Structures are given as structure tokens and as C-alpha cells.
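Asks: Before I ask anything, let me first share the structure, which is written out below as C-alpha cells.
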Amino acid sequence: MQIEADHKELLDTIKGLEKFSGRASQELLQKSDDISKALQLFSNQVIANSARLKRIHDGVEEVQTALKKRKLTDDFDQIKAWISPLEPYKRHRDILSKRFEGTGEWFLRTEEFRTWCKSDDQDVSQVFTCYGIPGAGKSVMASGVIEKLLEGAKSNDSNTGVCVVYVYCDYNDAVHQIPTNILGALLNRVIASLSSEIPEEITKRYSNRDKKEKITLELKEVCGFLSNIFQSFRRSYICIDAIDECIDDCRKTLRQCLGSLLEDQNLNRSVRLFLTGRPHVKEYIEENIPCPNLPTSSTLKANADDIRAYILHELDSDRYKRECMNDNLRNNIIERIGESSGGMCVNLPIVP
């Protein structure tokens with residue numbers, strides 16, 4: 001009897017444990033599921049917050065980059081104004097805006113000009129000069145050359161492969177067009193061509209300037225900066241229009257600096273110089289610009305095709321042409337103006 005009682009008690013105990021175990025398992029499973037859901041929710045929040053934080057981080061970086069660019073622009077504007085008050089870009093855009101489309105293309109296609117631009121042959125002169133009487137279109141031609149070189153620089157595979165700098169001389173602005181300002185204007189264009197920040201040597205020199213004195217860079221410093229930065233480029237083009245409009249002392253000083261750049265062994269003949277001027281400076285340039293070979297030279301005159309294209313454009317634009325124009329008069333106008341141009345095209349560069 002006692003054995004049966006013990007057996008029954010054991011069975012009851014086992015059943016109780018089974019019931020407890022079942023309830024415990026269910027509770028643990030439920031808690032485990034709740035924990036899994038909580039972890040998933042937390043994970044989702046982390047992912048969402050990470051994405052949000054990344055957007056915030058990217059936004060902050062964009063703002064910092066924009067502020068940095070703005071500061072660099074502000075810094076460059078201040079340094080540029082300190083280096084030189086001349087702004088050749090404005091003059092360049094003004095001439096281009098008045099240049100009749102296609103004017104001077106014949107010159108850009110000449111073998112002499114193409115060779116000067118691209119050849120690395122030691123026998124090719126580093127200097128190309130264009131001479132012409134007043135009104136022959138020298139400045140217009142210079143603007144076309146500059147644009148051609150700039151296009152080539154933009155299409156170059158390397159961002160630092162080619163540098164193009166230029167300045168337009170003007171006897172009406174002799175007060176400002178002194179050697180340090182002219183060469184400083186070239187330096188500003190070189191700095192603008194760099195894909196990186198303003199060279200540290202220039203920013204340091206600007207920071208250490210005497211703010212009480214309105215003194216800019218010394219001529220020797222400008223030439224040194226030009227030489228150092230030109231070494232970053234495979235080829236550097238310097239274009240100076242109307243060099244005859246510089247006073248004699250100014251032209252002499254320019255010649256010294258330009259000559260030092262042409263002869264600089266660190267630049268390894270990578271500098272090309274393009275000059276325009278009136279015929280009377282030809283002898284001076286050939287005798288005083290140091291160059292192993294005589295400058296490649298061209299005499300500019302009004303091109304018959306340029307004149308014809310311009311006259312046809314003007315005649316076709318005349319609103320009264322149907323009333324008073326016939327083929328005979330049209331041809332007579334073209335012939336007479338072409339014959340009387342005298343190698344000049346003063347009015348040629350008018351609105352394309």
C-alpha cells in the first residue's frame with residue numbers, strides 16, 4: 001500500500017513539474033519573442049539614425065566645402081587686387097564681344113602659328129610676333145589667339161598641362177601699366193589657372209606685407225613667382241598685345257623679365273611668348289628679346305575674306321536693302337570698300 005501511495009505521489013509530482021515546465025517554456029518563448037522584436041526595433045532605429053547622421057554629416061561637409069571655397073575666393077580677390085590693379089580679362093571679353101565671327105581664322109590655320117603652338121622642336125622659336133599698322137586688327141587677332149590657346153588648355157588631358165596668361169597694353173592707361181602691374185596681371189592669371197590653392201609662398205608674402213604702406217610686390221619677386229609656378233605646367237603661353245604702347249622704360253623692364261623666363265633652364269623652353277605691336281618695335285624686339293632663334297614673325301593686314309564676310313553681314317542686316325539694294329550695287333560696295341581698306345579693318349570687329 002505504501003509503495004502505491006509513493007508511486008501516486010511521484011506521478012503527481014511529475015505531472016506538476018510538466019505543467020510548470022510547459023508554462024515556463026511558453027513564458028520564456030514569449031519573452032524571447034518580445035526581446036527579438038525589441039532588438040529589431042532598436043536595430044531599425046540605429047539604421048535610420050545612421051542614415052540621418054550620414055545626411056547631416058554630408059550636409060556639414062558641403063557647407064564646410066562651400067565656406068572654404070568662398071574663403072579661397074575672397075582671399076584670392078584680395079591678393080589679386082594687391083598684386084595688380086589691372087584686369088585683362090575684362091578687356092579680353094570686351095574685344096571678343098565685338099569680334100566678328102570667324103575673323104582671323106585664316107591666321108590660326110597657318111603652318112607657322114600651328115608649329116609655334118605645338119612643336120617641341122628645338123629649332124622652333126619660342127617667340128611669335130605680329131606687327132601691323134594702327135587699325136590692322138592686332139588686338140582682335142590677339143584675342144583670337146588667346147581664345148585658341150585657352151580652348152587647347154581646356155581640352156588638355158592634364159589639368160596642369162597648359163597655362164595661358166595674357167595682358168592688353170594701352171597707352172591711355174600708362175599710369176597703371178607699369179612693369180610690376182603688367183607682370184602682376186600675368187601672375188594673377190597664372191594663379192587663377194592653378195587647380196590647387198594659392199601657392200603658400202604668395203599667401204605668406206601677402207600676410208607679411210606692410211599693411212600701412214601701399215607697396216605691392218617687387219619686380220624681382222613677381223618674376224620669381226612666375227618662374228616657380230610655370231614649372232607646374234608642361235607648356236606656358238604668355239600673350240602681350242600692343243607692346244609698343246608701353247613707354248620705353250616699361251618695355252625695357254618687361255623685356256628683362258620675359259627674357260629671364262625664356263632662358264630659365266628650370267623651365268626647359270616650356271614658355272612661349274606671343275607679342276603684337278606696330279612695325280617700329282620689330283627691330284627692338286628681335287635685338288633685345290633673348291631667344292636662340294629669331295622670333296617667328298607675321299605682318300598683319302586686313303584680310304580680304306574677313307572684310308567681305310563683314311560687309312555681307314552688314315548689308316544683309318540692313319532693313320532697307322530690299323528697297324534700294326540690287327546685285328550691282330551690292331557688288332560695287334564690296335569691291336570699293338575692299339580696295340580702299342588700305343590694310344586696315346578698324347570697324348571690322350563689330351557685333352557678330
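Ligands are numbered from 1 in the order shown, residues from 1 within each chain, and chains are lettered A, B, ... in the order they appear in the C-alpha cells.
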Can you tell me which residues surround Leu150 of chain A at a distance of at most 9 Å, considering only C-alpha atoms, apart from same-chain residues fewer than 5 positions away, and format the answer as a ChimeraX atom specification?
Replies: /A:145,155,162-164
Asks: Restricted to C-alpha atoms, what would the selected residues look like written as a tab-separated table (two decimals), in the first residue's frame?
Replies:
chain	number	residue	atom	x	y	z
A	145	VAL	CA	44.96	83.71	-80.46
A	155	SER	CA	40.93	70.17	-73.82
A	162	VAL	CA	48.92	74.07	-70.21
A	163	CYS	CA	48.75	77.60	-68.83
A	164	VAL	CA	47.67	80.68	-70.80
Asks: At a cut-off of 7 Å, using only C-alpha atoms, what residues contact Leu275 of chain A? Leave out same-chain residues fewer than 6 positions from it and give the result as a list in words.
Replies: Phe128, Thr129, Cys130, Cys239, Ile240, Asp241 and Ile243 of chain A
Asks: Those residues with all heavy atoms, as a PDB file, in the first residue's frame please?
Replies:
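The resulting file, selection-v6.pdb, is reproduced below:
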ATOM      1  N   PHE A 128      56.647  84.415 -80.971  1.00  0.00           N
ATOM      2  CA  PHE A 128      55.890  84.702 -82.202  1.00  0.00           C
ATOM      3  C   PHE A 128      55.445  86.158 -82.126  1.00  0.00           C
ATOM      4  O   PHE A 128      54.812  86.574 -81.151  1.00  0.00           O
ATOM      5  CB  PHE A 128      54.670  83.799 -82.327  1.00  0.00           C
ATOM      6  CG  PHE A 128      54.109  83.720 -83.725  1.00  0.00           C
ATOM      7  CD1 PHE A 128      54.166  82.549 -84.445  1.00  0.00           C
ATOM      8  CD2 PHE A 128      53.540  84.837 -84.329  1.00  0.00           C
ATOM      9  CE1 PHE A 128      53.655  82.472 -85.742  1.00  0.00           C
ATOM     10  CE2 PHE A 128      53.039  84.784 -85.618  1.00  0.00           C
ATOM     11  CZ  PHE A 128      53.087  83.595 -86.332  1.00  0.00           C
ATOM     12  N   THR A 129      55.772  86.936 -83.150  1.00  0.00           N
ATOM     13  CA  THR A 129      55.430  88.359 -83.137  1.00  0.00           C
ATOM     14  C   THR A 129      54.535  88.702 -84.328  1.00  0.00           C
ATOM     15  O   THR A 129      54.742  88.195 -85.436  1.00  0.00           O
ATOM     16  CB  THR A 129      56.695  89.230 -83.200  1.00  0.00           C
ATOM     17  OG1 THR A 129      57.474  88.841 -84.345  1.00  0.00           O
ATOM     18  CG2 THR A 129      57.527  89.046 -81.948  1.00  0.00           C
ATOM     19  N   CYS A 130      53.554  89.566 -84.077  1.00  0.00           N
ATOM     20  CA  CYS A 130      52.672  90.055 -85.135  1.00  0.00           C
ATOM     21  C   CYS A 130      52.742  91.570 -85.171  1.00  0.00           C
ATOM     22  O   CYS A 130      52.524  92.227 -84.145  1.00  0.00           O
ATOM     23  CB  CYS A 130      51.225  89.625 -84.883  1.00  0.00           C
ATOM     24  SG  CYS A 130      50.903  87.903 -85.245  1.00  0.00           S
ATOM     25  N   CYS A 239      50.847  85.983 -73.612  1.00  0.00           N
ATOM     26  CA  CYS A 239      50.396  86.804 -74.734  1.00  0.00           C
ATOM     27  C   CYS A 239      50.315  88.271 -74.295  1.00  0.00           C
ATOM     28  O   CYS A 239      49.624  88.583 -73.316  1.00  0.00           O
ATOM     29  CB  CYS A 239      49.022  86.346 -75.226  1.00  0.00           C
ATOM     30  SG  CYS A 239      48.968  84.619 -75.758  1.00  0.00           S
ATOM     31  N   ILE A 240      51.016  89.129 -75.001  1.00  0.00           N
ATOM     32  CA  ILE A 240      51.002  90.558 -74.691  1.00  0.00           C
ATOM     33  C   ILE A 240      50.622  91.325 -75.949  1.00  0.00           C
ATOM     34  O   ILE A 240      51.337  91.277 -76.958  1.00  0.00           O
ATOM     35  CB  ILE A 240      52.362  91.044 -74.161  1.00  0.00           C
ATOM     36  CG1 ILE A 240      52.741  90.260 -72.892  1.00  0.00           C
ATOM     37  CG2 ILE A 240      52.322  92.534 -73.862  1.00  0.00           C
ATOM     38  CD1 ILE A 240      54.091  90.657 -72.310  1.00  0.00           C
ATOM     39  N   ASP A 241      49.495  92.011 -75.888  1.00  0.00           N
ATOM     40  CA  ASP A 241      49.033  92.785 -77.030  1.00  0.00           C
ATOM     41  C   ASP A 241      49.510  94.230 -76.927  1.00  0.00           C
ATOM     42  O   ASP A 241      49.544  94.810 -75.836  1.00  0.00           O
ATOM     43  CB  ASP A 241      47.501  92.761 -77.088  1.00  0.00           C
ATOM     44  CG  ASP A 241      46.952  93.637 -78.194  1.00  0.00           C
ATOM     45  OD1 ASP A 241      47.348  93.426 -79.363  1.00  0.00           O
ATOM     46  OD2 ASP A 241      46.143  94.536 -77.897  1.00  0.00           O
ATOM     47  N   ILE A 243      52.500  95.793 -77.368  1.00  0.00           N
ATOM     48  CA  ILE A 243      53.663  96.059 -76.533  1.00  0.00           C
ATOM     49  C   ILE A 243      54.299  97.411 -76.893  1.00  0.00           C
ATOM     50  O   ILE A 243      55.012  98.010 -76.084  1.00  0.00           O
ATOM     51  CB  ILE A 243      54.702  94.918 -76.657  1.00  0.00           C
ATOM     52  CG1 ILE A 243      55.747  95.038 -75.543  1.00  0.00           C
ATOM     53  CG2 ILE A 243      55.333  94.897 -78.037  1.00  0.00           C
ATOM     54  CD1 ILE A 243      56.616  93.826 -75.378  1.00  0.00           C
TER      55      ILE A 243
END
Asks: Out of A:Ser43, A:Gln122, A:Asn268, A:Asn172, which residue has the shortest atom-to-atom distance to Arg234 of chain A when counting only C-alpha atoms?
Replies: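 With only C-alpha atoms as the atom set, the closest residue is A:Asn268.
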Asks: Which polymer residues have any atom within 12 Å of an atom of Glu283 of chain A, counting only C-alpha atoms, with same-chain residues fewer than 4 positions away left out, as a ChimeraX atom specification?
Replies: /A:129,131,244,277-279,287-289,294-295,297
Asks: So which one's closest to Lys252 of chain A, A:Phe225, A:Tyr284, A:Phe274, A:Trp82? Using only C-alpha atoms, please.
Replies: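 Among the listed residues, A:Tyr284 lies closest to Lys252 of chain A.
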Asks: Grab the atom CA of Leu217 of chain A to atom CA of Thr253 of chain A distance for me, in Å with one decimal place.
Replies: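 Atom-to-atom, atom CA of Leu217 of chain A and atom CA of Thr253 of chain A are spaced 14.9 Å apart.
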Asks: What's around Ser119 of chain A at 12 Å? Count only C-alpha atoms, leave out sequence neighbours fewer than 5 positions away in its own chain, and write the answer as a list of chain:residue names.
Replies: A:Glu111, A:Glu112, A:Phe113, A:Arg114, A:Val124, A:Ser125, A:Gln126, A:Arg235, A:Arg269, A:Ser270, A:Arg272
Asks: Any idea what's packed within 10 Å of Pro88 of chain A, counting only C-alpha atoms, ignoring anything in its chain fewer than 4 positions away? Could you give it as a ChimeraX atom specification?
Replies: /A:92-94,165-169,182,185-186,188-189
Asks: Which parts of segment 78-199 of chain A does DSSP call strand (DSSP E or B) when run on the backbone here, written out as a PyMOL selection string?
Replies: chain A and resi 127-131+162-168
Asks: Those residues with C-alpha atoms, as a PDB file, in the first residue's frame please?
Replies:
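File produced: selection.pdb:
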ATOM      1  CA  VAL A 127      58.592  83.818 -79.661  1.00  0.00           C
ATOM      2  CA  PHE A 128      55.890  84.702 -82.202  1.00  0.00           C
ATOM      3  CA  THR A 129      55.430  88.359 -83.137  1.00  0.00           C
ATOM      4  CA  CYS A 130      52.672  90.055 -85.135  1.00  0.00           C
ATOM      5  CA  TYR A 131      53.160  93.558 -86.482  1.00  0.00           C
ATOM      6  CA  VAL A 162      48.922  74.071 -70.209  1.00  0.00           C
ATOM      7  CA  CYS A 163      48.754  77.600 -68.832  1.00  0.00           C
ATOM      8  CA  VAL A 164      47.665  80.678 -70.798  1.00  0.00           C
ATOM      9  CA  VAL A 165      48.223  84.212 -69.449  1.00  0.00           C
ATOM     10  CA  TYR A 166      47.725  87.499 -71.211  1.00  0.00           C
ATOM     11  CA  VAL A 167      47.564  91.260 -70.897  1.00  0.00           C
ATOM     12  CA  TYR A 168      46.478  94.096 -73.192  1.00  0.00           C
TER      13      TYR A 168
END
